[in-house]
Amino acid sequence: MPDTKTAAIICHARYLDLAAFGDILDQKGYRVRYYDAGQDDLALDADPDVLITLGGPVGAYQRSDYPWIDDEMSLLSRQLHLNRPLLAICLGAQILAQSLGARVTGGTLEIGWAPIELTEAGQRSVLKRTGEQRIPVLHWHGDAFDLPTGAQRLASTAQCENQAFSIGSALACQFHPEVRARDFERWLICNTGQIAAMREHSVASLREQARSHADTAASEGQAWFAQWLDRTYS
């Protein structure tokens, strides 16, 4: 293992970045490089020590419209094959599930902060405290995926059975554990059209939820993300 570890970050929309998780990678001495899907070559020059794929506004199943999805699926499969740490969030989790042969489809729209319910496997995972303390986490998705063969379901919500799973060196979360209140302001700007069409939410109500829950959820997310990084190299 080199002295300076590398973290490759697959970004599908620039307002969906590492947010609070970037601080943890900095603290642990990772050299971080972002790769923009659709612009940068996802056939990386070198295999990263850690690969993180983030959220995005497209569907994992829109492969004919977005050919880079196939490239990303290959990249995630390689990281798993090498048994190197892989964290997949929201769209990233959907693409990972798809790369493992699971079906990804349009599901029930789930937006706002709500706690997750842990499975027995989840109670043994780094998500243990998030679930047991019923910490509201950010949900913002309209697609859902089947549990990949061989994966362990870690968490669910009433609207989404597969909120988190683990398989091999990978951890996948449908929810967003990385977003602080200040990060969420960019979400309000970049999703203005979608928010305007909502009946149950408004910019003001979502901002108030963020003020109430986002920093607590992100702090807890940082804690388990740091723990997960440590476990992968223990």
# chains A, B, ... in the order shown; residues from 1 in each chain; ligands from 1
$ residues_around --residues "Arg84 in chain A" --least-positions-apart "5" --cutoff "12 Å" --atoms "only C-alpha atoms" --output "VMD selection string"
chain A and resid 1 5 to 8 47 to 52 75 to 79 167 to 171 229 231 to 233
$ write_last_selection --atoms "C-alpha atoms" --output "PDB file, in the first residue's frame"
ATOM      1  CA  MET A   1       0.000   0.000   0.000  1.00  0.00           C
ATOM      2  CA  LYS A   5      -3.815   6.459  -0.805  1.00  0.00           C
ATOM      3  CA  THR A   6      -5.990   7.473  -3.746  1.00  0.00           C
ATOM      4  CA  ALA A   7      -9.737   8.032  -3.882  1.00  0.00           C
ATOM      5  CA  ALA A   8     -11.511   8.203  -7.247  1.00  0.00           C
ATOM      6  CA  ASP A  47      -6.912   1.365  -9.831  1.00  0.00           C
ATOM      7  CA  PRO A  48      -7.845   3.616  -6.879  1.00  0.00           C
ATOM      8  CA  ASP A  49      -7.524   2.521  -3.279  1.00  0.00           C
ATOM      9  CA  VAL A  50     -11.104   3.686  -2.737  1.00  0.00           C
ATOM     10  CA  LEU A  51     -13.803   4.262  -5.356  1.00  0.00           C
ATOM     11  CA  ILE A  52     -16.894   6.340  -4.560  1.00  0.00           C
ATOM     12  CA  LEU A  75     -15.403   0.202 -13.471  1.00  0.00           C
ATOM     13  CA  LEU A  76     -17.471  -0.803 -10.433  1.00  0.00           C
ATOM     14  CA  SER A  77     -17.231  -4.474 -11.371  1.00  0.00           C
ATOM     15  CA  ARG A  78     -13.447  -4.182 -11.599  1.00  0.00           C
ATOM     16  CA  GLN A  79     -13.190  -2.541  -8.174  1.00  0.00           C
ATOM     17  CA  ILE A 167     -21.449  -7.217  -1.025  1.00  0.00           C
ATOM     18  CA  GLY A 168     -17.767  -8.063  -1.017  1.00  0.00           C
ATOM     19  CA  SER A 169     -15.781  -4.844  -0.656  1.00  0.00           C
ATOM     20  CA  ALA A 170     -18.788  -2.641  -1.488  1.00  0.00           C
ATOM     21  CA  LEU A 171     -21.284  -0.690   0.582  1.00  0.00           C
ATOM     22  CA  LEU A 229     -12.547   3.243   5.642  1.00  0.00           C
ATOM     23  CA  ARG A 231     -12.276  -1.460   8.431  1.00  0.00           C
ATOM     24  CA  THR A 232     -11.351  -1.871   4.782  1.00  0.00           C
ATOM     25  CA  TYR A 233      -7.646  -1.652   5.648  1.00  0.00           C
TER      26      TYR A 233
END
$ residues_around --residues "range 101-112 of chain A" --least-positions-apart "2" --cutoff "7 Å" --atoms "only C-alpha atoms" --output "list in words"
Ala60, Tyr61, Gln94, Ala97, Gln98, Ser99, Ala114, Leu138, His139, Trp140, His141, Gly142, Asp143, Ala144, Phe145, Asp146, Leu147, Pro148, Gln159 and Leu206 of chain A
$ select_by_dssp --residues "range 6-228 of chain A" --states "strand (DSSP E)" --output "count of residues only"
55
$ select_by_dssp --residues "range 19-202 of chain A" --states "helix (DSSP H, G or I)" --output "JSON, numbers by chain"
{"A": [20, 21, 22, 23, 24, 25, 26, 27, 68, 69, 70, 71, 72, 73, 74, 75, 76, 77, 78, 79, 80, 81, 91, 92, 93, 94, 95, 96, 97, 98, 99, 120, 121, 122, 123, 128, 129, 130, 131, 132, 181, 182, 183, 184, 185, 186, 187, 188, 189, 190, 192, 193, 194, 195, 196]}
$ closest_residue --among "A:Ala155, A:Leu100, A:Ala164, A:Asp26" --to "Glu120 in chain A" --atoms "only C-alpha atoms"
A:Ala155
$ closest_residue --among "A:Glu185, A:Tyr30, A:Leu44, A:Cys190" --to "Ser74 in chain A" --atoms "only C-alpha atoms"
A:Leu44
